[in-house]
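J.: For reference, the file entry.cif (mmCIF, C-alpha atoms) is included below:
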```cif
data_run
#
loop_
_atom_site.label_atom_id
_atom_site.label_comp_id
_atom_site.auth_asym_id
_atom_site.auth_seq_id
_atom_site.Cartn_x
_atom_site.Cartn_y
_atom_site.Cartn_z
CA MET A 20 -1.99 -5.28 -13.17
CA ALA A 21 -3.91 -4.49 -9.98
CA TRP A 22 -7.10 -6.37 -9.29
CA ASN A 23 -10.22 -4.33 -9.73
CA LEU A 24 -11.28 -3.60 -6.20
CA ASP A 25 -14.18 -1.41 -5.13
CA SER A 26 -13.00 1.63 -3.28
CA ASP A 27 -15.74 1.67 -0.66
CA ARG A 28 -15.65 -1.89 0.68
CA PRO A 29 -12.97 -3.47 2.89
CA ILE A 30 -10.13 -4.79 0.75
CA TYR A 31 -9.82 -7.92 2.86
CA THR A 32 -13.38 -9.04 2.05
CA GLN A 33 -12.87 -8.43 -1.64
CA ILE A 34 -9.63 -10.40 -1.77
CA LEU A 35 -11.33 -13.26 0.02
CA GLU A 36 -14.26 -13.29 -2.42
CA ARG A 37 -11.96 -13.19 -5.38
CA MET A 38 -9.70 -15.98 -4.15
CA GLU A 39 -12.73 -18.16 -3.35
CA MET A 40 -14.05 -17.52 -6.82
CA GLN A 41 -10.72 -18.47 -8.39
CA ILE A 42 -10.53 -21.70 -6.43
CA VAL A 43 -14.14 -22.63 -7.17
CA SER A 44 -13.83 -21.86 -10.86
CA GLY A 45 -10.62 -23.87 -11.14
CA ILE A 46 -8.24 -21.02 -11.96
CA TYR A 47 -6.35 -22.21 -8.89
CA LYS A 48 -6.53 -25.98 -9.37
CA PRO A 49 -7.01 -28.39 -6.44
CA GLY A 50 -3.61 -29.29 -5.01
CA SER A 51 -1.81 -26.50 -6.83
CA LYS A 52 0.55 -24.12 -5.13
CA VAL A 53 -0.75 -20.72 -4.03
CA PRO A 54 1.73 -17.90 -4.83
CA SER A 55 3.46 -16.26 -1.87
CA VAL A 56 1.86 -13.43 0.05
CA ARG A 57 4.33 -10.99 -1.47
CA GLU A 58 3.67 -12.11 -5.04
CA LEU A 59 -0.09 -12.02 -4.59
CA ALA A 60 0.03 -8.64 -2.86
CA ALA A 61 2.14 -7.20 -5.67
CA GLU A 62 -0.14 -8.68 -8.31
CA ALA A 63 -3.26 -7.35 -6.63
CA GLY A 64 -1.68 -4.03 -5.69
CA VAL A 65 -2.69 -4.43 -2.06
CA ASN A 66 -1.03 -4.32 1.32
CA PRO A 67 0.85 -7.56 2.14
CA ASN A 68 -0.61 -7.66 5.66
CA THR A 69 -4.12 -7.55 4.22
CA MET A 70 -3.27 -10.33 1.77
CA GLN A 71 -1.82 -12.36 4.64
CA ARG A 72 -5.05 -11.96 6.60
CA ALA A 73 -7.16 -13.07 3.65
CA LEU A 74 -5.00 -16.16 3.10
CA ALA A 75 -5.22 -16.99 6.80
CA GLU A 76 -9.01 -16.84 6.52
CA LEU A 77 -8.99 -19.12 3.47
CA GLU A 78 -6.88 -21.50 5.50
CA ARG A 79 -9.30 -21.33 8.41
CA LYS A 80 -12.13 -22.18 6.03
CA GLY A 81 -10.07 -25.10 4.77
CA LEU A 82 -9.88 -23.97 1.15
CA VAL A 83 -6.09 -23.76 1.32
CA THR A 84 -3.72 -25.71 3.53
CA THR A 85 -0.18 -25.00 4.57
CA GLN A 86 2.44 -27.62 3.84
CA ARG A 87 5.72 -27.36 5.59
CA THR A 88 7.84 -27.74 2.49
CA SER A 89 5.86 -26.20 -0.31
CA GLY A 90 3.98 -23.32 1.29
CA ARG A 91 0.27 -22.97 0.74
CA VAL A 92 -1.66 -25.24 -1.60
CA VAL A 93 -5.29 -25.30 -2.71
CA THR A 94 -7.34 -28.00 -0.97
CA GLU A 95 -7.96 -31.27 -2.79
CA ASP A 96 -11.16 -31.82 -0.87
CA MET A 97 -13.58 -31.67 -3.80
CA GLU A 98 -16.57 -31.85 -1.46
CA MET A 99 -15.48 -28.62 0.21
CA ILE A 100 -14.91 -26.89 -3.11
CA ARG A 101 -18.40 -27.95 -4.22
CA GLU A 102 -19.92 -26.66 -1.00
CA THR A 103 -18.20 -23.31 -1.39
CA ARG A 104 -19.37 -23.18 -4.97
CA ASN A 105 -22.97 -23.76 -3.88
CA THR A 106 -22.70 -21.12 -1.19
CA LEU A 107 -21.40 -18.58 -3.68
CA ALA A 108 -24.16 -19.49 -6.13
CA LYS A 109 -26.81 -19.04 -3.46
CA GLU A 110 -25.41 -15.64 -2.54
CA GLN A 111 -25.55 -14.57 -6.18
CA ILE A 112 -29.15 -15.72 -6.49
CA GLN A 113 -30.18 -13.96 -3.27
CA ASP A 114 -28.62 -10.72 -4.53
CA PHE A 115 -30.35 -11.13 -7.85
CA ILE A 116 -33.75 -11.79 -6.31
CA GLN A 117 -33.30 -8.81 -4.02
CA ARG A 118 -32.57 -6.51 -6.95
CA MET A 119 -35.48 -7.88 -8.95
CA LYS A 120 -37.80 -7.21 -6.03
CA GLU A 121 -36.49 -3.66 -5.90
CA LEU A 122 -37.51 -3.41 -9.54
CA GLY A 123 -40.98 -4.52 -8.51
CA PHE A 124 -41.05 -8.06 -9.84
CA GLU A 125 -42.99 -10.87 -8.17
CA LYS A 126 -41.62 -14.37 -7.69
CA GLU A 127 -43.49 -15.89 -10.68
CA GLU A 128 -42.50 -13.06 -12.97
CA ILE A 129 -38.86 -13.48 -12.01
CA LEU A 130 -38.99 -17.21 -12.73
CA ALA A 131 -40.70 -16.64 -16.05
CA LEU A 132 -38.17 -14.00 -17.01
CA ILE A 133 -35.25 -16.27 -16.18
CA LYS A 134 -36.76 -19.03 -18.27
CA SER A 135 -37.34 -16.84 -21.29
CA GLU A 136 -33.99 -15.02 -21.07
CA ALA A 137 -31.74 -17.93 -20.31
CA GLY A 138 -33.87 -20.65 -21.91
CA GLY A 139 -31.53 -21.34 -24.77
CA GLU A 140 -28.42 -21.33 -22.65
CA LEU A 141 -29.84 -23.61 -19.98
CA VAL A 142 -30.95 -26.45 -22.25
CA MET B 6 11.28 -3.38 21.31
CA SER B 7 8.97 -0.40 21.41
CA GLU B 8 7.31 1.34 18.50
CA LEU B 9 9.54 2.25 15.57
CA VAL B 10 8.69 5.94 15.63
CA ASN B 11 7.60 7.78 18.72
CA VAL B 12 6.63 11.42 18.40
CA SER B 13 5.57 13.27 21.51
CA ASN B 14 4.37 16.83 21.95
CA LEU B 15 6.28 17.84 18.85
CA THR B 16 6.02 21.53 18.11
CA MET B 17 7.65 23.41 15.30
CA VAL B 18 7.29 27.15 15.00
CA TYR B 19 8.87 28.91 12.02
CA ASP B 20 9.95 32.50 12.42
CA LYS B 21 8.41 32.71 15.90
CA ARG B 22 4.97 33.18 14.39
CA LYS B 23 4.09 30.34 12.06
CA THR B 24 3.16 27.10 13.84
CA ALA B 25 3.68 24.12 11.55
CA LEU B 26 3.34 21.40 14.18
CA ASN B 27 1.34 21.88 17.33
CA GLU B 28 2.07 19.48 20.22
CA LEU B 29 1.81 16.54 17.82
CA SER B 30 1.98 13.09 19.39
CA LEU B 31 1.79 9.80 17.53
CA THR B 32 3.49 6.44 17.18
CA ILE B 33 4.23 4.40 14.10
CA PRO B 34 4.60 0.62 14.42
CA ARG B 35 7.04 -1.71 12.67
CA GLY B 36 6.18 -3.65 9.54
CA LYS B 37 3.46 -1.33 8.26
CA ILE B 38 2.84 0.86 5.27
CA VAL B 39 1.52 4.13 6.64
CA GLY B 40 0.08 7.04 4.70
CA LEU B 41 0.73 10.53 6.04
CA LEU B 42 -2.13 12.56 4.65
CA GLY B 43 -3.23 16.13 5.02
CA PRO B 44 -4.03 19.20 2.96
CA ASN B 45 -1.31 21.56 1.76
CA GLY B 46 0.45 23.27 4.61
CA SER B 47 -0.73 20.78 7.23
CA GLY B 48 2.79 19.98 8.46
CA LYS B 49 3.52 16.71 6.64
CA THR B 50 6.87 17.74 5.25
CA THR B 51 7.86 19.48 8.49
CA LEU B 52 7.28 16.22 10.39
CA ILE B 53 9.21 14.28 7.77
CA LYS B 54 12.13 16.70 7.91
CA ILE B 55 12.30 16.48 11.69
CA LEU B 56 12.34 12.66 11.51
CA ASN B 57 15.26 12.93 9.12
CA GLY B 58 17.17 15.37 11.28
CA LEU B 59 16.91 18.19 8.75
CA LEU B 60 14.99 20.43 11.12
CA CYS B 61 15.27 20.83 14.87
CA PRO B 62 11.86 20.96 16.57
CA THR B 63 11.00 23.98 18.70
CA SER B 64 9.95 21.62 21.49
CA GLY B 65 8.97 17.99 22.01
CA THR B 66 10.73 14.87 20.80
CA ALA B 67 10.81 12.56 17.81
CA LEU B 68 12.44 9.18 18.37
CA ILE B 69 13.28 6.47 15.87
CA ASN B 70 14.22 3.12 17.38
CA GLY B 71 14.40 5.06 20.64
CA SER B 72 17.05 7.51 19.36
CA LYS B 73 16.86 11.13 18.36
CA PRO B 74 17.49 11.79 14.66
CA GLY B 75 21.26 11.64 14.05
CA PRO B 76 23.89 9.51 12.36
CA GLU B 77 22.58 6.38 14.07
CA THR B 78 19.02 6.81 12.82
CA LYS B 79 20.10 8.03 9.39
CA ALA B 80 21.90 4.74 8.85
CA ARG B 81 18.54 2.99 9.29
CA VAL B 82 16.20 5.45 7.58
CA SER B 83 15.91 5.75 3.83
CA TYR B 84 14.49 9.10 2.80
CA LEU B 85 12.97 10.33 -0.42
CA PRO B 86 12.67 14.11 -0.22
CA GLU B 87 10.11 16.18 -2.09
CA ARG B 88 12.70 17.26 -4.62
CA THR B 89 15.52 15.20 -6.01
CA TYR B 90 18.99 16.15 -4.85
CA LEU B 91 21.00 14.14 -7.35
CA GLN B 92 24.10 15.73 -8.85
CA THR B 93 22.99 16.38 -12.40
CA GLY B 94 26.47 15.88 -13.83
CA MET B 95 26.69 12.32 -12.54
CA LYS B 96 25.79 9.19 -14.45
CA VAL B 97 23.20 6.82 -13.00
CA LYS B 98 25.86 4.16 -12.43
CA GLU B 99 28.08 6.66 -10.63
CA LEU B 100 25.19 7.40 -8.32
CA ILE B 101 24.82 3.70 -7.61
CA ALA B 102 28.52 3.52 -6.68
CA TYR B 103 28.09 6.64 -4.54
CA PHE B 104 25.12 5.18 -2.67
CA THR B 105 26.98 1.89 -2.22
CA ASP B 106 29.82 3.81 -0.53
CA PHE B 107 27.48 5.92 1.48
CA TYR B 108 25.03 3.38 2.91
CA ALA B 109 26.09 0.04 4.34
CA ASP B 110 22.64 -1.38 3.62
CA PHE B 111 22.50 -0.33 -0.05
CA LYS B 112 21.95 -3.19 -2.53
CA PRO B 113 23.32 -2.23 -5.96
CA GLU B 114 21.92 -5.37 -7.65
CA ARG B 115 18.44 -4.41 -6.58
CA ALA B 116 18.86 -0.90 -7.97
CA LYS B 117 20.14 -2.24 -11.30
CA GLU B 118 17.26 -4.68 -11.58
CA MET B 119 14.74 -1.88 -11.07
CA LEU B 120 16.51 0.40 -13.56
CA THR B 121 16.28 -2.35 -16.15
CA SER B 122 12.56 -2.89 -15.45
CA LEU B 123 11.89 0.77 -16.00
CA GLY B 124 14.13 0.93 -19.07
CA ILE B 125 16.59 3.43 -17.61
CA ASP B 126 20.12 3.31 -19.00
CA GLU B 127 22.70 3.47 -16.22
CA ASN B 128 25.14 5.24 -18.51
CA ASP B 129 22.84 8.24 -18.84
CA ARG B 130 23.73 11.43 -17.04
CA ILE B 131 21.06 12.79 -14.72
CA LYS B 132 20.90 16.11 -16.58
CA THR B 133 19.86 14.32 -19.77
CA LEU B 134 16.88 12.69 -18.05
CA SER B 135 13.35 14.05 -17.85
CA LYS B 136 11.96 15.22 -14.52
CA GLY B 137 9.85 12.07 -14.15
CA THR B 138 12.79 9.79 -14.93
CA ARG B 139 14.97 11.62 -12.39
CA GLU B 140 12.30 11.01 -9.80
CA LYS B 141 12.23 7.33 -10.73
CA VAL B 142 16.03 7.10 -10.35
CA GLN B 143 15.84 8.81 -6.99
CA LEU B 144 13.12 6.48 -5.78
CA ILE B 145 15.01 3.42 -7.00
CA LEU B 146 18.08 4.52 -5.03
CA VAL B 147 15.98 5.06 -1.92
CA MET B 148 14.14 1.73 -2.22
CA SER B 149 17.35 -0.24 -2.78
CA ARG B 150 18.38 0.00 0.86
CA ASP B 151 17.57 -2.51 3.57
CA ALA B 152 16.39 0.19 5.92
CA ASP B 153 14.09 -0.09 8.95
CA LEU B 154 12.11 2.93 7.91
CA PHE B 155 11.45 4.34 4.46
CA ILE B 156 10.17 7.88 4.48
CA LEU B 157 8.81 8.88 1.11
CA ASP B 158 7.65 12.44 0.59
CA GLU B 159 5.27 12.46 -2.40
CA PRO B 160 6.82 9.43 -4.11
CA ILE B 161 4.46 9.19 -7.08
CA ALA B 162 3.44 12.75 -7.79
CA GLY B 163 5.69 13.37 -10.77
CA VAL B 164 5.55 10.07 -12.62
CA ASP B 165 3.18 8.63 -15.21
CA PRO B 166 0.40 6.20 -14.21
CA ALA B 167 2.17 3.10 -15.56
CA ALA B 168 5.31 3.91 -13.61
CA ARG B 169 3.11 4.60 -10.59
CA ASP B 170 1.86 1.04 -10.71
CA TYR B 171 5.43 -0.19 -10.93
CA ILE B 172 6.49 1.98 -8.01
CA ILE B 173 3.61 0.75 -5.89
CA LYS B 174 4.62 -2.81 -6.72
CA THR B 175 8.21 -1.95 -5.87
CA ILE B 176 7.16 -0.65 -2.49
CA ILE B 177 5.19 -3.83 -1.78
CA THR B 178 7.90 -6.26 -2.83
CA ASN B 179 11.01 -4.43 -1.70
CA TYR B 180 10.56 -3.60 1.89
CA ASN B 181 11.16 -6.39 4.36
CA GLU B 182 8.58 -7.55 6.84
CA ASN B 183 9.98 -5.60 9.77
CA ALA B 184 10.43 -2.37 7.87
CA THR B 185 7.91 0.42 7.84
CA VAL B 186 7.11 2.70 4.95
CA LEU B 187 5.82 6.17 5.81
CA LEU B 188 4.65 8.03 2.78
CA SER B 189 2.98 11.34 2.23
CA THR B 190 0.81 11.91 -0.80
CA HIS B 191 -2.16 13.74 -2.23
CA LEU B 192 -2.86 10.91 -4.65
CA ILE B 193 -4.75 8.88 -2.08
CA SER B 194 -6.87 6.77 -4.39
CA ASP B 195 -3.77 5.54 -6.22
CA ILE B 196 -2.15 4.32 -3.09
CA GLU B 197 -4.75 3.54 -0.46
CA ASN B 198 -5.00 -0.17 -1.28
CA ILE B 199 -1.42 -0.72 -0.19
CA LEU B 200 -1.68 1.16 3.10
CA ASP B 201 -2.17 -0.45 6.49
CA GLU B 202 -2.82 2.78 8.29
CA VAL B 203 -3.40 6.42 7.60
CA ILE B 204 -2.50 9.44 9.65
CA PHE B 205 -4.55 12.57 8.91
CA ILE B 206 -3.00 15.83 10.04
CA LYS B 207 -4.31 19.36 9.74
CA ASN B 208 -2.71 22.61 10.90
CA GLY B 209 -0.05 20.63 12.70
CA ASN B 210 -2.56 18.61 14.73
CA LEU B 211 -3.40 14.94 14.54
CA VAL B 212 -6.93 14.54 13.20
CA LEU B 213 -7.07 10.77 12.98
CA GLN B 214 -4.92 7.67 12.93
CA ALA B 215 -6.76 4.54 11.76
CA THR B 216 -6.40 1.46 9.62
CA VAL B 217 -7.65 1.68 6.06
CA GLU B 218 -9.90 -1.33 6.60
CA ASP B 219 -11.52 0.29 9.64
CA ILE B 220 -12.29 3.42 7.66
CA ARG B 221 -13.83 1.39 4.86
CA GLU B 222 -15.78 -0.79 7.24
CA GLN B 223 -17.02 1.92 9.57
CA LYS B 224 -17.56 4.75 7.10
CA GLY B 225 -18.42 2.61 4.08
CA LYS B 226 -16.22 4.76 1.89
CA SER B 227 -12.72 4.89 0.54
CA VAL B 228 -9.97 6.75 2.37
CA ASP B 229 -9.94 9.17 -0.55
CA ALA B 230 -13.66 9.92 -0.14
CA TYR B 231 -13.29 10.16 3.63
CA PHE B 232 -10.35 12.55 3.28
CA ARG B 233 -12.45 14.82 1.06
CA GLU B 234 -15.17 14.80 3.71
CA VAL B 235 -12.86 15.53 6.66
CA PHE B 236 -10.93 18.24 4.88
CA ALA B 237 -13.77 19.75 2.87
CA CYS B 238 -13.07 23.42 2.21
#
```
In structure tokens, what does this structure look like?
T.:
Amino acid sequence: MAWNLDSDRPIYTQILERMEMQIVSGIYKPGSKVPSVRELAAEAGVNPNTMQRALAELERKGLVTTQRTSGRVVTEDMEMIRETRNTLAKEQIQDFIQRMKELGFEKEEILALIKSEAGGELV
Amino acid sequence: MSELVNVSNLTMVYDKRKTALNELSLTIPRGKIVGLLGPNGSGKTTLIKILNGLLCPTSGTALINGSKPGPETKARVSYLPERTYLQTGMKVKELIAYFTDFYADFKPERAKEMLTSLGIDENDRIKTLSKGTREKVQLILVMSRDADLFILDEPIAGVDPAARDYIIKTIITNYNENATVLLSTHLISDIENILDEVIFIKNGNLVLQATVEDIREQKGKSVDAYFREVFAC
């Protein structure tokens, strides 16, 4: 039932990340209706006011838009979805590089490791 | 419209020697889910009982919608006490009829829907139900009102984890946007994601009132972890 949220980070941030991820990965399709705040809050097991804030932020970013008759829908601006996707990918890579550096790897070693580990998958 | 609940300099002394609340002042806004947290014996239930007009404070005032606890406020406050008070000889459906008579804002359809979701038969008599099921019935009755303020004293303590999830969902979906839910609990980690604010009290004094997000942001830890730190023995 409830979304898996970390207990030590703000809930709002985590909801936002998760919703962005779901839009980018196509779980929420472009142009599709976003469930109501209540439904989403119940599904996630979070406070409705927090969910409301996260949706307002998604709206501010342009990933969802409000339509007078049908509530909130996911944007159909594919360019924006692609941009968000790239941003998320970059963040993941930065995190990864950071952790690898903590493990003591140099840039070339990291690249070589990625190639050998993911070689098959990437072809 | 001022704050929903306004408590000022509230003091409660039992037996002329035991201070349960000590000049406690706080306000609770509308439309929020608020956790009332504190160790055993901190005064949570005393505060709750005063808000429900079950205890008269030694001094100070507690106002709900600007009125002192009385018939007027009781019509707008839905209260789940620590222990169930249901007549054990009654059937669940008789209780629904009773609540419908008793509270103008009671919604029997809502109660029946929740009973069905939890697989409780309305023809069962309370005395044939387990302790946990009785607590579920009691909570369903309390949550089926369109009240301004829901005061829940340990709502999830006696029920299994699956029912806990359902109850938490029920709290989220069933209260209207202008209503406030004030709930006391020790099971902080189960419930903190649905709270707007928390009130920490200790020895009848206010220790802290803050939003859950502020605690997580500023302390970098969950409310549960922060509670353990503040109240470490």
J.: Mind dumping a table of every chain B residue within 10 Å of chain A, with the nearest atom pair and its distance in Å to one decimal, using all atoms listed in the file, sorted by chain and rising number, as a Markdown table?
T.:
```
| residue | atom | partner | partner_atom | distance |
| --- | --- | --- | --- | --- |
| B:Gly36 | CA | A:Asn68 | CA | 8.8 |
| B:Lys37 | CA | A:Asn68 | CA | 8.0 |
| B:Ile38 | CA | A:Asn66 | CA | 7.6 |
| B:Ala167 | CA | A:Met20 | CA | 9.7 |
| B:Asp170 | CA | A:Met20 | CA | 7.8 |
| B:Tyr171 | CA | A:Met20 | CA | 9.3 |
| B:Ile173 | CA | A:Gly64 | CA | 7.1 |
| B:Lys174 | CA | A:Ala61 | CA | 5.2 |
| B:Thr175 | CA | A:Ala61 | CA | 8.0 |
| B:Ile176 | CA | A:Ala61 | CA | 8.8 |
| B:Ile177 | CA | A:Ala61 | CA | 6.0 |
| B:Thr178 | CA | A:Arg57 | CA | 6.1 |
| B:Asn179 | CA | A:Arg57 | CA | 9.4 |
| B:Glu182 | CA | A:Pro67 | CA | 9.0 |
| B:Ser194 | CA | A:Ser26 | CA | 8.1 |
| B:Asp195 | CA | A:Gly64 | CA | 9.8 |
| B:Ile196 | CA | A:Gly64 | CA | 8.8 |
| B:Glu197 | CA | A:Val65 | CA | 8.4 |
| B:Asn198 | CA | A:Val65 | CA | 4.9 |
| B:Ile199 | CA | A:Asn66 | CA | 3.9 |
| B:Leu200 | CA | A:Asn66 | CA | 5.8 |
| B:Asp201 | CA | A:Asn66 | CA | 6.6 |
| B:Val217 | CA | A:Pro29 | CA | 8.1 |
| B:Glu218 | CA | A:Pro29 | CA | 5.3 |
| B:Asp219 | CA | A:Pro29 | CA | 7.9 |
| B:Ile220 | CA | A:Pro29 | CA | 8.4 |
| B:Arg221 | CA | A:Pro29 | CA | 5.3 |
| B:Glu222 | CA | A:Pro29 | CA | 5.8 |
| B:Gln223 | CA | A:Pro29 | CA | 9.5 |
| B:Lys224 | CA | A:Asp27 | CA | 8.5 |
| B:Gly225 | CA | A:Asp27 | CA | 5.5 |
| B:Lys226 | CA | A:Asp27 | CA | 4.0 |
| B:Ser227 | CA | A:Asp27 | CA | 4.6 |
| B:Val228 | CA | A:Ser26 | CA | 8.2 |
| B:Asp229 | CA | A:Ser26 | CA | 8.6 |
| B:Ala230 | CA | A:Asp27 | CA | 8.5 |
| B:Tyr231 | CA | A:Asp27 | CA | 9.8 |
```
J.: Exactly which residues make up the result of the PyMOL selection byres ((chain B and resi 99-106) around 10) on this file, given as a ChimeraX atom specification?
T.: /B:91-92,94-98,107-114,116-117,127-131,142-143,145-147,149-150
J.: List every residue of region 92-196 of chain B that has an atom at most 12 Å from any atom of region 51-68 of chain B, and for each one report the closest atom pair and its distance in Å to one decimal, counting all atoms listed in the file, with rows sorted by chain and then by increasing residue number, as JSON lines.
T.:
```
{"residue": "B:Leu154", "atom": "CA", "partner": "B:Leu56", "partner_atom": "CA", "distance": 10.4}
{"residue": "B:Phe155", "atom": "CA", "partner": "B:Asn57", "partner_atom": "CA", "distance": 10.5}
{"residue": "B:Ile156", "atom": "CA", "partner": "B:Ile53", "partner_atom": "CA", "distance": 7.3}
{"residue": "B:Leu157", "atom": "CA", "partner": "B:Ile53", "partner_atom": "CA", "distance": 8.6}
{"residue": "B:Asp158", "atom": "CA", "partner": "B:Ile53", "partner_atom": "CA", "distance": 7.6}
{"residue": "B:Glu159", "atom": "CA", "partner": "B:Ile53", "partner_atom": "CA", "distance": 11.1}
{"residue": "B:Leu187", "atom": "CA", "partner": "B:Ile53", "partner_atom": "CA", "distance": 9.0}
{"residue": "B:Leu188", "atom": "CA", "partner": "B:Ile53", "partner_atom": "CA", "distance": 9.2}
{"residue": "B:Ser189", "atom": "CA", "partner": "B:Ile53", "partner_atom": "CA", "distance": 8.8}
```
J.: Mind pulling up the distance from CA of Thr190 (chain B) to CA of Cys238 (chain B)?
T.: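 Calculated distance between CA of Cys238 (chain B) and CA of Thr190 (chain B) is 18.3 Å.
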J.: Apply the PyMOL selection byres ((chain A and resi 35) around 8) to the file shown and report the selected residues as a list of chain:residue names.
T.: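 Listing what the PyMOL selection byres ((chain A and resi 35) around 8) selects in the shown file: A:Tyr31, A:Thr32, A:Gln33, A:Ile34, A:Glu36, A:Arg37, A:Met38, A:Glu39, A:Ala73, A:Leu74, A:Glu76, A:Leu77.
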J.: Using Å and a single decimal, report how far CA of Arg87 (chain A) sits from CA of Thr185 (chain B).
T.: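 Separating CA of Thr185 (chain B) from CA of Arg87 (chain A) is a distance of 28.0 Å.
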J.: Please indicate the distance in Å from CA of Val164 (chain B) to CA of Gly137 (chain B), rounded to one decimal place.
T.: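 Atom-to-atom, CA of Val164 (chain B) and CA of Gly137 (chain B) are spaced 5.0 Å apart.
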J.: How about completing region 51-63 of chain A with N, CA and C atoms and giving it to me as a PDB file, in the frame of the given file?
T.:
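Printed below is result.pdb as written:
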```
ATOM      1  N   SER A  51      -2.871 -27.334  -6.272  1.00  0.00           N
ATOM      2  CA  SER A  51      -1.810 -26.500  -6.830  1.00  0.00           C
ATOM      3  C   SER A  51      -1.303 -25.509  -5.796  1.00  0.00           C
ATOM      4  N   LYS A  52      -0.120 -24.996  -6.068  1.00  0.00           N
ATOM      5  CA  LYS A  52       0.550 -24.120  -5.130  1.00  0.00           C
ATOM      6  C   LYS A  52      -0.065 -22.712  -5.208  1.00  0.00           C
ATOM      7  N   VAL A  53      -0.273 -22.106  -4.063  1.00  0.00           N
ATOM      8  CA  VAL A  53      -0.750 -20.720  -4.030  1.00  0.00           C
ATOM      9  C   VAL A  53       0.499 -19.825  -4.013  1.00  0.00           C
ATOM     10  N   PRO A  54       0.548 -18.787  -4.849  1.00  0.00           N
ATOM     11  CA  PRO A  54       1.730 -17.900  -4.830  1.00  0.00           C
ATOM     12  C   PRO A  54       1.951 -17.313  -3.426  1.00  0.00           C
ATOM     13  N   SER A  55       3.143 -16.811  -3.192  1.00  0.00           N
ATOM     14  CA  SER A  55       3.460 -16.260  -1.870  1.00  0.00           C
ATOM     15  C   SER A  55       2.664 -14.987  -1.612  1.00  0.00           C
ATOM     16  N   VAL A  56       2.584 -14.640  -0.344  1.00  0.00           N
ATOM     17  CA  VAL A  56       1.860 -13.430   0.050  1.00  0.00           C
ATOM     18  C   VAL A  56       2.388 -12.217  -0.724  1.00  0.00           C
ATOM     19  N   ARG A  57       3.702 -12.100  -0.768  1.00  0.00           N
ATOM     20  CA  ARG A  57       4.330 -10.990  -1.470  1.00  0.00           C
ATOM     21  C   ARG A  57       3.919 -10.917  -2.940  1.00  0.00           C
ATOM     22  N   GLU A  58       4.015 -12.076  -3.612  1.00  0.00           N
ATOM     23  CA  GLU A  58       3.670 -12.110  -5.040  1.00  0.00           C
ATOM     24  C   GLU A  58       2.217 -11.718  -5.258  1.00  0.00           C
ATOM     25  N   LEU A  59       1.342 -12.314  -4.436  1.00  0.00           N
ATOM     26  CA  LEU A  59      -0.090 -12.020  -4.590  1.00  0.00           C
ATOM     27  C   LEU A  59      -0.378 -10.550  -4.287  1.00  0.00           C
ATOM     28  N   ALA A  60       0.267 -10.027  -3.236  1.00  0.00           N
ATOM     29  CA  ALA A  60       0.030  -8.640  -2.860  1.00  0.00           C
ATOM     30  C   ALA A  60       0.488  -7.715  -3.997  1.00  0.00           C
ATOM     31  N   ALA A  61       1.637  -8.027  -4.581  1.00  0.00           N
ATOM     32  CA  ALA A  61       2.140  -7.200  -5.670  1.00  0.00           C
ATOM     33  C   ALA A  61       1.224  -7.282  -6.882  1.00  0.00           C
ATOM     34  N   GLU A  62       0.751  -8.501  -7.173  1.00  0.00           N
ATOM     35  CA  GLU A  62      -0.140  -8.680  -8.310  1.00  0.00           C
ATOM     36  C   GLU A  62      -1.443  -7.902  -8.108  1.00  0.00           C
ATOM     37  N   ALA A  63      -1.970  -7.989  -6.902  1.00  0.00           N
ATOM     38  CA  ALA A  63      -3.260  -7.350  -6.630  1.00  0.00           C
ATOM     39  C   ALA A  63      -3.109  -5.852  -6.383  1.00  0.00           C
TER      40      ALA A  63
END
```
